[in-house]
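Q: Quick one: the structure is below, and I'll ask about it shortly.
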Protein chains: 2
Amino acid sequence: MTTSVMSPAAVTTQWVYRFGNGTAEGRSDMRNLLGGKGANLAEMSLLGLPVPAGFTITTEVCTYFYANAKTYPPSLAEDVAAAVAFIEQSVDARFGDPANPLLVSVRSGARASMPGMMDTVLNLGLNDETAEGLAALSGDARFAYDSYRRFIQMYSNVVLDLDHHHFEEILNRVKDDHGLTMDTDLADVHWRQVVAEYKDLVRHELGKEFPQDPQEQLWGAIGAVFRSWMNQRAIVYRRLHGIPESWGTAVNIQAMVFGNMGGDCATGVAFTRNPSTGANEFYGEYLINAQGEDVVAGIRTPQQITIAGREAQSSKLPSMEEAMPEVFAELNRVRGILERHYRDVQDIEFTVQKTKLYMLQTRSGKRTAQAALKIAVDMVAEGLITEAEAISRIDPRSLDQILHPRLDPKAPRTVLAKGLPASPGAASGTVVFSADEAEDRAAKGDAVILVRIETSPEDIHGMNAAKGILTTRGGMTSHAAVVARGMGRPCVSGAGDIRIDYAAGTLSCRGTVVKGGDRITIDGSTGEVFLGEVPTIQPELSGDFAVLMGWADGLRRLTVRTNAETPLDARTARQFGAEGIGLCRTEHMFFEASRIVAVREMIMASDEKGRRAALAKILPMQRGDFAELFRIMRGLPVTIRLLDPPLHEFLPHSEAEMAEVAAAAGVDIGTVRSRAVTLAEANPMLGHRGCRLGISYPEIYEMQARAIFEAVVEVQKEFGETVVPEVMIPLVATRRELEILRALVVQVAKEVETASGVALEYLVGTMIELPRAALRAAQIAEQADFFSFGTNDLTQTTLGLSRDDAGSFLPAYVAKGIFEEDPFVSIDQDGVGELVKLAAERGRATRPGLKLGICGEHGGDPASIQFCESVGLDYVSCSPFRVPIARLAAAQAALAKGFNKENL
Amino acid sequence: MTTSVMSPAAVTTQWVYRFGNGTAEGRSDMRNLLGGKGANLAEMSLLGLPVPAGFTITTEVCTYFYANAKTYPPSLAEDVAAAVAFIEQSVDARFGDPANPLLVSVRSGARASMPGMMDTVLNLGLNDETAEGLAALSGDARFAYDSYRRFIQMYSNVVLDLDHHHFEEILNRVKDDHGLTMDTDLADVHWRQVVAEYKDLVRHELGKEFPQDPQEQLWGAIGAVFRSWMNQRAIVYRRLHGIPESWGTAVNIQAMVFGNMGGDCATGVAFTRNPSTGANEFYGEYLINAQGEDVVAGIRTPQQITIAGREAQSSKLPSMEEAMPEVFAELNRVRGILERHYRDVQDIEFTVQKTKLYMLQTRSGKRTAQAALKIAVDMVAEGLITEAEAISRIDPRSLDQILHPRLDPKAPRTVLAKGLPASPGAASGTVVFSADEAEDRAAKGDAVILVRIETSPEDIHGMNAAKGILTTRGGMTSHAAVVARGMGRPCVSGAGDIRIDYAAGTLSCRGTVVKGGDRITIDGSTGEVFLGEVPTIQPELSGDFAVLMGWADGLRRLTVRTNAETPLDARTARQFGAEGIGLCRTEHMFFEASRIVAVREMIMASDEKGRRAALAKILPMQRGDFAELFRIMRGLPVTIRLLDPPLHEFLPHSEAEMAEVAAAAGVDIGTVRSRAVTLAEANPMLGHRGCRLGISYPEIYEMQARAIFEAVVEVQKEFGETVVPEVMIPLVATRRELEILRALVVQVAKEVETASGVALEYLVGTMIELPRAALRAAQIAEQADFFSFGTNDLTQTTLGLSRDDAGSFLPAYVAKGIFEEDPFVSIDQDGVGELVKLAAERGRATRPGLKLGICGEHGGDPASIQFCESVGLDYVSCSPFRVPIARLAAAQAALAKGFNKENL
């Protein structure tokens, strides 16, 4: 469809596409060439809908413009002239003809909606003569001069680059001079005065007259649209939204119609269904005797288009259904045509000029997550779309809005303050003011809300331990917000009315003081903060949600597991449809208050015998943990990762705790301190952790393997069915490491088999989380029953980027376009992705049935899931609240792969 | 050459190879099949040298043995019997014949020399009857029974697995009973008693008689050799030396000859040239009337073989040249034949039995580095070998021994203590007891010796700052030793006689006390520690060394540069033949005492303006640094890396220094402390460093680029010739980073060109030190004139292994065979190497002329250099003292690639 503008063939390119009068040269599937607005105007015209005649200058002209020193293709002037003549003929008016002037609108229109570019110039074609003509023709001089002054103001602003406020000053002064306050108070004489002063202003500022020649006006506006493609706002917007510069913008030029020519005129916007609830009801607002911008400006109260809408709003103003029943009926008919044609909810703009309806725009309607679900499911029931299309219509990330606990709407509440809705969900808990305290109290079983002025990477452990996070500074992309969303914790950020006094251990808001230890509730979906505990209710997982998820499950190929180690998380994930555990981080079990002492005793032991004694105390607890997970995940696979973090992470920092450890281990506190110093690492991420611990201290992995297999024996007996655990060795870099540790696990399994008389089935595999492991996957697969891609650490090592430390520069990196997205949120397909692909290929070359999954944060990110599908992984594993997102994204990925649909 | 032992074709395999009587079935190039010893015995026999007849059982029998449940090939018994018959016929004696008994030796012999395996059983074939026969035949009953008891003792030990000390107890008791002290004091009756008691011991310990059947003895010894291939010592040795288990060992069975049958018998060992100096003189020792083991045992003082040798040693014992002139002449003739044939120095073993010379072994002689050089150069002059062969004969790593400063041999000295020679070279300096003090004093220009009980990763900065390191604990592979060798610092480790008192700030050794601040000297090549300052002399870089290096330079393709930033290092490197600087780490210049204050002021600045003010102070100093390097490296390329480490590395830790920084920056000390906390990172290696600093604080890179280009202008004017600096951007992960920073460098260059009126030539490139950069090399090359592989960081990220933290487990990893070698010493070719290869290919696909080099520590490691040659890099860059090693290794690599010679 795109022809090179530099080739000789370019002379035959069609630069201009006309529409109107029930015909069009374009179509809705030509949005790359005509922009979204132009393509849909053509389509509506083809559908026979009343579209004012016009034409679209293609995006290829924009490309030509920038490739050729801001000049136009030679034939463009001629093509535009012909197209203008087409409009003149269609509406029976002539450009610049004082007796019967044609006025047009000029609008930009790129492939994707792009605020930041020039938007619109209305009433183009007006000058001193045609304004008089319009006054005569309409019999309404006030209308004509109001239109003229609007044109001068818009044109001067967007084409001539004169500041808006100059014009507003003049208007305000004229009002003051005449003792008037509202625009509607001004009569034609006042508008004439405004027009004259506007023209003086232009002359004074630019040293030349405001252009009177409609042709000059037209080409001025066209040039302004193309130039606006490269203005700073547009460049920034494109970078932020990943829109290529090469796309270019189109320009739409269309005959003006007027909603402000009297009481039989009107203008409005509407959605073909309710965009908040998704209900199949016509939903919109209109104003009688007004131009489009008045609806948005908020000067007059818009009226509902339907009687039902008016009643729902208890409005006294008549609905369009009542005030203009015939036109409304026509609009309602158009509504049906558009929905059936586009097979989706449409967001439309219309104008009524002297009882005649004109359609000015249609596009896919934005909607809430809840509405999107309902609309998709309803449309399948109505036979409008297929199940696959319904699935493709839902942005998986939007499910986040409806999956978290929310406040019980019937519960009483006392609002303390309001901040930003930084991470969805509601939570109650005890106020704590430091990450350490959050961790300590959480370890003792308290639900806590971490309250900070702002958070930093040092607070991560506390954020993880807290049920929710409240900050008084920082926006939607602050550290607190970003991290909380990643963790699935509710967060209210930037609650600026709250004052925190760390020293006193209090927070206060307009006289109300809350002390550390008091309870509060936050709603991360609204930004509200409440005193005390407000009951929450769990999300609704039936209804439309369940129906859509059922369809998704039927279509996807990827299995969806969860990352979970607590019974609570495991149960939540099962409710959300998890098909097993992909990552159980055993070290989280080590931190529990009841066992951390034994863990520290193990670390303090000076020899293997001492470590074994401490590990013997941990064994029954771990066995109990695993048995419980096997019960919850009955019949589903459970992958258990052996100990991963460096040992120093388990040592305490406070003197009191060190004394406790010393007492438990039977050593003095100096020994504890010195052990902590010995174990400290410059780069713990790259240190003595993962399987390196298993190599150095085989007794630790031995205990864990024993706990797993003994739990299997226990649950197998209970259920009378086989439990097949998947034992995962972390941080492997070489085949030999896995060989040594696999042999250890197999040995323990044999011992448990002998002792229990129960035959065991199990898998032993590894995480692929180091670049070397990915490169050596062929060799490592010789020892592995499965690979699980640990893309968090793989991202850290491949990019040389510490997740804990990147906060200081990562936002700037994303803003500068160095990274398209935070690589910890969405997998870096070019770098990390190549390693995943290569490891999958090499691993399967060695062992064709090798089970492949992903268990990093990326397992819950739709783009990353699409990538996982494309490289043929078997499953993704993600945090419990992301399981439905993953199920839906996996279905979309399967559709994208299978059907290669452009809209996916 | 290797035939599968499992295939039907195996029945035709030749399992046994005979030699002797001027013939042989094997050759010296069959060492894979016959082992080193067997192949050379065959070769000597083919050369017509007097080799006692014998045969070799091949390594394939060993392989068969382990593949077939420790059984032999069916035909082996027959083959061995025929081969024994061959010996019997050759020496006219018969196995087990009391009238004329054949005695044999049985020796293991693998492809590579392998201590840890069974070595030798002598006199096999003796029993109660043949011992009597031997006594009668030789007319020397003492000799016969001494031989018999030796045989029982050796056989019982290595074949029957009885402990050595049992036999020694018996011998000692017999001596005591008879009031004798020396073995030589025992007469035949005494030896008969010993033999009887030895046999009683065997019967008592094993419950059966010592085997009397020579066939049983023979097969017992053969089985013991093959079993010894898999004993624990052999397995460990193989793992440590990278010898594959699959090689197997051969067994050599050979007729005994006796050097202990009287005054016309002798035995000895010799080198065809002096192995210490390389001088072309016959060098060796012998003993009259002795068996081989007596020479080694040290009971009798060995005599020199030549008159010159006797005179040099001022020995009173007659030389062989004097005592046995005819036999000596024959031996000297053999010496010439062997050297001309093998074209290398030979280490030979011989026995003289009744004036007849027998050759028992020849092999390549071990020699000192100095000798190796001289021998190689001499042999080229003698026309024995080619220059290429001379180059291939020198282990590049051995040059380390001769390249470092050494103590002036004429200087007086007082030895304080002796430890291990952990890292070569000698150094004098002020004693300091902590890494911080070492750094502080070094920054003030002091030469310091860092003295620690042992070192740990936290001491690295101090080790780097010191001229030498002394520890009282730890061996040749201790942290101190490994790190010092890597840094090229002399190190004496494990000087256990020295006591360190950190609190008092003293070290003491047998009453001598040295205080911190006093001066000492260490010699890392001998392990000696001296009081005060002993003058050192620079290494001799002329003579044989220069000749060989000249040949190497003529043969190599890779350029050799150096990593250097100080004028001293740069000059040293040029003396060693460096062809430019491959890595100038600008941050090392920041640490200098005179400028660290300005650097810290820059870090403390709260805004860009403040930073620029501080940077303006640093600019002239950096400019001066660069100008000096350009002068030293006149005509050669200089690659300058822009700032790399995270800023917190420059902040002080002590209160006094913090106060100093606060004063300089005009802030209070609390601000300094809090800035330090803000900048602290969990994983600095993966943090805000490298080009990320350049993105966040462009003014830093701008200053550095300005300093480089202004220095170029200065030196260009001085020399009247073009200086082409290579500006290197570190830690790039994406094309975009390099694009942004390249544009900044280009902009600064333009500004300097404009200001100076001088046209500049320069390259802008990047380090490839992150896996992602390697993967994205095609895109990054669009912006790079060169790639330099930063294999230190690339190893850290690819393996997820922090060099600073790996000390706690890396030695165990190497010992367990998980890594063949420390991956920070020799490049991990399978993992890191694949990334280097891939980046080189992808980079050059985009930009065919892309210059490629390596600047990690691996640039000075011969195996890594061979790898660099194989993937076609343009240059390697290494620390100054490694430059000659790299030159030689590069020549060897070029030879290996070009000629594919097996001996390289």
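Here's how to read the names in the structure tokens: chain A, B, ... by the order shown, residue numbers from 1 in each chain, ligand numbers from 1 in the order shown.
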Contacts between chain B and chain A, please, where a residue of chain A counts if it comes within 6 Å (with only C-alpha atoms); show its shortest atom pair and distance in Å to one decimal, rows by chain and ascending number, as JSON lines.
A:
```
{"residue": "A:Glu681", "atom": "CA", "partner": "B:Asp805", "partner_atom": "CA", "distance": 5.9}
{"residue": "A:Asn683", "atom": "CA", "partner": "B:Asn683", "partner_atom": "CA", "distance": 4.5}
{"residue": "A:Leu686", "atom": "CA", "partner": "B:Leu801", "partner_atom": "CA", "distance": 4.6}
{"residue": "A:Gly687", "atom": "CA", "partner": "B:Asp805", "partner_atom": "CA", "distance": 5.5}
{"residue": "A:Arg736", "atom": "CA", "partner": "B:Ile818", "partner_atom": "CA", "distance": 5.5}
{"residue": "A:Pro771", "atom": "CA", "partner": "B:Thr798", "partner_atom": "CA", "distance": 4.9}
{"residue": "A:Arg772", "atom": "CA", "partner": "B:Gly831", "partner_atom": "CA", "distance": 5.0}
{"residue": "A:Thr797", "atom": "CA", "partner": "B:Thr797", "partner_atom": "CA", "distance": 4.9}
{"residue": "A:Thr798", "atom": "CA", "partner": "B:Pro771", "partner_atom": "CA", "distance": 4.9}
{"residue": "A:Leu799", "atom": "CA", "partner": "B:Arg772", "partner_atom": "CA", "distance": 5.6}
{"residue": "A:Gly800", "atom": "CA", "partner": "B:Leu686", "partner_atom": "CA", "distance": 4.9}
{"residue": "A:Leu801", "atom": "CA", "partner": "B:Leu686", "partner_atom": "CA", "distance": 4.6}
{"residue": "A:Ser802", "atom": "CA", "partner": "B:Leu686", "partner_atom": "CA", "distance": 4.8}
{"residue": "A:Asp805", "atom": "CA", "partner": "B:Gly687", "partner_atom": "CA", "distance": 5.5}
{"residue": "A:Ile818", "atom": "CA", "partner": "B:Arg736", "partner_atom": "CA", "distance": 5.5}
{"residue": "A:Gly831", "atom": "CA", "partner": "B:Arg772", "partner_atom": "CA", "distance": 5.1}
```
Q: Please, could you write that set of residues out with all heavy atoms as a JSON list (two decimals), in the first residue's frame?
A:
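The result, stored in selection-v8.json:
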```
[["chain", "number", "residue", "atom", "x", "y", "z"],
["A", 681, "GLU", "N", 28.61, -9.16, 51.14],
["A", 681, "GLU", "CA", 29.11, -9.21, 49.77],
["A", 681, "GLU", "C", 29.01, -7.86, 49.08],
["A", 681, "GLU", "O", 28.09, -7.09, 49.35],
["A", 681, "GLU", "CB", 28.31, -10.25, 48.97],
["A", 681, "GLU", "CG", 28.53, -11.67, 49.46],
["A", 681, "GLU", "CD", 27.79, -12.71, 48.63],
["A", 681, "GLU", "OE1", 26.57, -12.56, 48.45],
["A", 681, "GLU", "OE2", 28.44, -13.64, 48.16],
["A", 683, "ASN", "N", 28.52, -7.49, 45.82],
["A", 683, "ASN", "CA", 27.43, -7.62, 44.85],
["A", 683, "ASN", "C", 26.66, -8.90, 45.12],
["A", 683, "ASN", "O", 26.89, -9.92, 44.46],
["A", 683, "ASN", "CB", 27.99, -7.64, 43.42],
["A", 683, "ASN", "CG", 28.60, -6.33, 43.02],
["A", 683, "ASN", "OD1", 27.91, -5.35, 42.80],
["A", 683, "ASN", "ND2", 29.93, -6.30, 42.95],
["A", 686, "LEU", "N", 25.36, -11.27, 42.52],
["A", 686, "LEU", "CA", 26.31, -12.10, 41.77],
["A", 686, "LEU", "C", 27.17, -12.92, 42.71],
["A", 686, "LEU", "O", 28.28, -13.30, 42.38],
["A", 686, "LEU", "CB", 27.22, -11.20, 40.91],
["A", 686, "LEU", "CG", 26.55, -10.16, 40.03],
["A", 686, "LEU", "CD1", 27.59, -9.28, 39.35],
["A", 686, "LEU", "CD2", 25.68, -10.82, 38.97],
["A", 687, "GLY", "N", 26.66, -13.18, 43.90],
["A", 687, "GLY", "CA", 27.51, -13.74, 44.94],
["A", 687, "GLY", "C", 27.28, -15.21, 45.23],
["A", 687, "GLY", "O", 26.92, -16.00, 44.36],
["A", 736, "ARG", "N", 27.78, -29.16, 35.09],
["A", 736, "ARG", "CA", 28.34, -29.91, 36.20],
["A", 736, "ARG", "C", 27.63, -29.59, 37.53],
["A", 736, "ARG", "O", 27.40, -30.47, 38.35],
["A", 736, "ARG", "CB", 29.84, -29.60, 36.30],
["A", 736, "ARG", "CG", 30.56, -30.27, 37.43],
["A", 736, "ARG", "CD", 31.00, -31.69, 37.11],
["A", 736, "ARG", "NE", 31.62, -32.28, 38.28],
["A", 736, "ARG", "CZ", 31.31, -33.47, 38.77],
["A", 736, "ARG", "NH1", 30.43, -34.22, 38.15],
["A", 736, "ARG", "NH2", 31.90, -33.93, 39.85],
["A", 771, "PRO", "N", 23.07, -15.68, 31.64],
["A", 771, "PRO", "CA", 23.32, -15.79, 30.20],
["A", 771, "PRO", "C", 24.09, -17.07, 29.85],
["A", 771, "PRO", "O", 23.79, -17.73, 28.86],
["A", 771, "PRO", "CB", 24.16, -14.54, 29.90],
["A", 771, "PRO", "CG", 23.68, -13.54, 30.90],
["A", 771, "PRO", "CD", 23.41, -14.34, 32.15],
["A", 772, "ARG", "N", 25.05, -17.44, 30.71],
["A", 772, "ARG", "CA", 25.82, -18.64, 30.39],
["A", 772, "ARG", "C", 24.92, -19.88, 30.36],
["A", 772, "ARG", "O", 25.10, -20.77, 29.53],
["A", 772, "ARG", "CB", 26.95, -18.87, 31.39],
["A", 772, "ARG", "CG", 27.90, -19.94, 30.92],
["A", 772, "ARG", "CD", 29.00, -20.24, 31.93],
["A", 772, "ARG", "NE", 30.10, -20.93, 31.29],
["A", 772, "ARG", "CZ", 30.13, -22.23, 31.02],
["A", 772, "ARG", "NH1", 29.10, -22.98, 31.35],
["A", 772, "ARG", "NH2", 31.16, -22.78, 30.43],
["A", 797, "THR", "N", 21.28, -9.76, 34.70],
["A", 797, "THR", "CA", 22.62, -10.12, 34.24],
["A", 797, "THR", "C", 22.83, -9.78, 32.77],
["A", 797, "THR", "O", 23.89, -9.32, 32.38],
["A", 797, "THR", "CB", 22.89, -11.62, 34.48],
["A", 797, "THR", "OG1", 21.78, -12.38, 34.02],
["A", 797, "THR", "CG2", 23.09, -11.90, 35.96],
["A", 798, "THR", "N", 21.82, -9.99, 31.95],
["A", 798, "THR", "CA", 21.99, -9.72, 30.52],
["A", 798, "THR", "C", 22.19, -8.23, 30.26],
["A", 798, "THR", "O", 22.98, -7.83, 29.42],
["A", 798, "THR", "CB", 20.76, -10.22, 29.74],
["A", 798, "THR", "OG1", 20.58, -11.61, 30.02],
["A", 798, "THR", "CG2", 20.95, -10.03, 28.25],
["A", 799, "LEU", "N", 21.47, -7.40, 31.03],
["A", 799, "LEU", "CA", 21.59, -5.96, 30.86],
["A", 799, "LEU", "C", 22.59, -5.35, 31.83],
["A", 799, "LEU", "O", 22.86, -4.15, 31.78],
["A", 799, "LEU", "CB", 20.22, -5.28, 31.04],
["A", 799, "LEU", "CG", 19.32, -5.25, 29.82],
["A", 799, "LEU", "CD1", 18.87, -6.65, 29.42],
["A", 799, "LEU", "CD2", 18.10, -4.38, 30.08],
["A", 800, "GLY", "N", 23.11, -6.15, 32.75],
["A", 800, "GLY", "CA", 24.02, -5.60, 33.76],
["A", 800, "GLY", "C", 23.33, -4.55, 34.60],
["A", 800, "GLY", "O", 23.89, -3.49, 34.86],
["A", 801, "LEU", "N", 22.10, -4.85, 34.99],
["A", 801, "LEU", "CA", 21.23, -3.84, 35.57],
["A", 801, "LEU", "C", 20.60, -4.39, 36.84],
["A", 801, "LEU", "O", 19.84, -5.35, 36.78],
["A", 801, "LEU", "CB", 20.14, -3.55, 34.54],
["A", 801, "LEU", "CG", 19.30, -2.31, 34.68],
["A", 801, "LEU", "CD1", 20.16, -1.07, 34.54],
["A", 801, "LEU", "CD2", 18.22, -2.30, 33.62],
["A", 802, "SER", "N", 20.92, -3.79, 37.98],
["A", 802, "SER", "CA", 20.36, -4.23, 39.25],
["A", 802, "SER", "C", 18.97, -3.63, 39.43],
["A", 802, "SER", "O", 18.80, -2.42, 39.37],
["A", 802, "SER", "CB", 21.27, -3.77, 40.39],
["A", 802, "SER", "OG", 20.58, -3.77, 41.60],
["A", 805, "ASP", "N", 18.80, -1.10, 42.12],
["A", 805, "ASP", "CA", 19.55, 0.15, 41.98],
["A", 805, "ASP", "C", 19.15, 0.97, 40.77],
["A", 805, "ASP", "O", 19.56, 2.12, 40.62],
["A", 805, "ASP", "CB", 21.06, -0.16, 41.90],
["A", 805, "ASP", "CG", 21.54, -0.91, 43.12],
["A", 805, "ASP", "OD1", 21.18, -0.49, 44.23],
["A", 805, "ASP", "OD2", 22.25, -1.91, 42.98],
["A", 818, "ILE", "N", 15.64, 5.07, 25.51],
["A", 818, "ILE", "CA", 16.73, 4.09, 25.45],
["A", 818, "ILE", "C", 16.14, 2.69, 25.66],
["A", 818, "ILE", "O", 16.50, 1.75, 24.98],
["A", 818, "ILE", "CB", 17.80, 4.42, 26.50],
["A", 818, "ILE", "CG1", 18.45, 5.76, 26.15],
["A", 818, "ILE", "CG2", 18.84, 3.30, 26.59],
["A", 818, "ILE", "CD1", 19.39, 6.30, 27.20],
["A", 831, "GLY", "N", 17.19, -8.58, 23.59],
["A", 831, "GLY", "CA", 18.37, -9.06, 24.31],
["A", 831, "GLY", "C", 18.05, -10.32, 25.09],
["A", 831, "GLY", "O", 18.41, -11.43, 24.71]]
```
Q: Excluding region 708-715 of chain A and residues on its chain fewer than 6 positions from it, collect all residues at most 12 Å away from it, counting only C-alpha atoms, and give them as a PyMOL selection string.
A: chain A and resi 584+586+619-635+638-642+701-702+721-728+745-763
Q: Measure the distance from CA of Ala890 (chain A) to CA of Ala390 (chain A) in Å and round it to one decimal.
A: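 It comes out at 14.1 Å.
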Q: Any idea what's packed within 6 Å of region 111-115 of chain A, counting only C-alpha atoms, ignoring anything in its chain fewer than 3 positions away? Could you give it as number ranges by chain?
A: A: 31-32, 35-36
Q: Go ahead and write the residues just picked, all heavy atoms, as a tab-separated table (two decimals), in the first residue's frame.
A:
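Wrote selection-v4.tsv, looks like this:
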```tsv
chain	number	residue	atom	x	y	z
A	31	ARG	N	-6.53	2.97	7.10
A	31	ARG	CA	-6.15	3.99	8.09
A	31	ARG	C	-4.65	4.29	8.04
A	31	ARG	O	-4.24	5.39	8.41
A	31	ARG	CB	-6.59	3.61	9.50
A	31	ARG	CG	-5.92	2.39	10.08
A	31	ARG	CD	-6.60	1.99	11.40
A	31	ARG	NE	-6.52	3.05	12.39
A	31	ARG	CZ	-7.54	3.39	13.17
A	31	ARG	NH1	-8.71	2.79	13.07
A	31	ARG	NH2	-7.40	4.36	14.06
A	32	ASN	N	-3.82	3.38	7.57
A	32	ASN	CA	-2.39	3.68	7.46
A	32	ASN	C	-2.15	4.82	6.48
A	32	ASN	O	-1.24	5.63	6.65
A	32	ASN	CB	-1.60	2.45	6.98
A	32	ASN	CG	-1.60	1.36	8.03
A	32	ASN	OD1	-2.19	1.53	9.10
A	32	ASN	ND2	-0.95	0.25	7.73
A	35	GLY	N	-5.16	7.88	7.81
A	35	GLY	CA	-5.38	8.20	9.21
A	35	GLY	C	-6.70	7.62	9.66
A	35	GLY	O	-7.55	7.22	8.85
A	36	GLY	N	-6.88	7.54	10.98
A	36	GLY	CA	-8.10	6.95	11.52
A	36	GLY	C	-9.34	7.76	11.16
A	36	GLY	O	-10.35	7.22	10.73
```
Q: Set the distance at 6 Å and use only C-alpha atoms: which residues neighbour region 356-366 of chain A once local chain neighbours fewer than 6 positions away are removed? I'd like the list as a count of residues only.
A: 8
Q: Please provide as JSON, numbers by chain all residues within 7 Å of region 277-279 of chain B, with the sequence filter that same-chain residues fewer than 2 positions apart are discarded (counting only C-alpha atoms).
A: {"B": [273, 274, 275, 281, 370, 371, 372, 374, 375]}
Q: Using only C-alpha atoms, determine which residues lie at most 9 Å from Asp200 (chain A), disregarding the query and same-chain residues fewer than 4 positions distant; provide the list as a ChimeraX atom specification.
A: /A:195-196,204-205,209-210
Q: Mind checking which residues fall within 8 Å of Ala24 (chain A), counting only C-alpha atoms, ignoring those fewer than 4 positions away in the same chain, and posting them as a PyMOL selection string?
A: chain A and resi 17-20+42-43+45-46
Q: What parts of region 397-529 of chain A does DSSP call alpha helix (DSSP H)? I'd like the answer as a list in words.
A: Asp400, Gln401, Ile402, Leu403, Ala435, Asp436, Glu437, Ala438, Glu439, Asp440, Arg441, Ala442, Ala443, Ile460, His461, Gly462, Met463, Asn464, Ala465, His479, Ala480, Ala481, Val482, Val483, Ala484, Arg485, Gly486 and Met487 of chain A
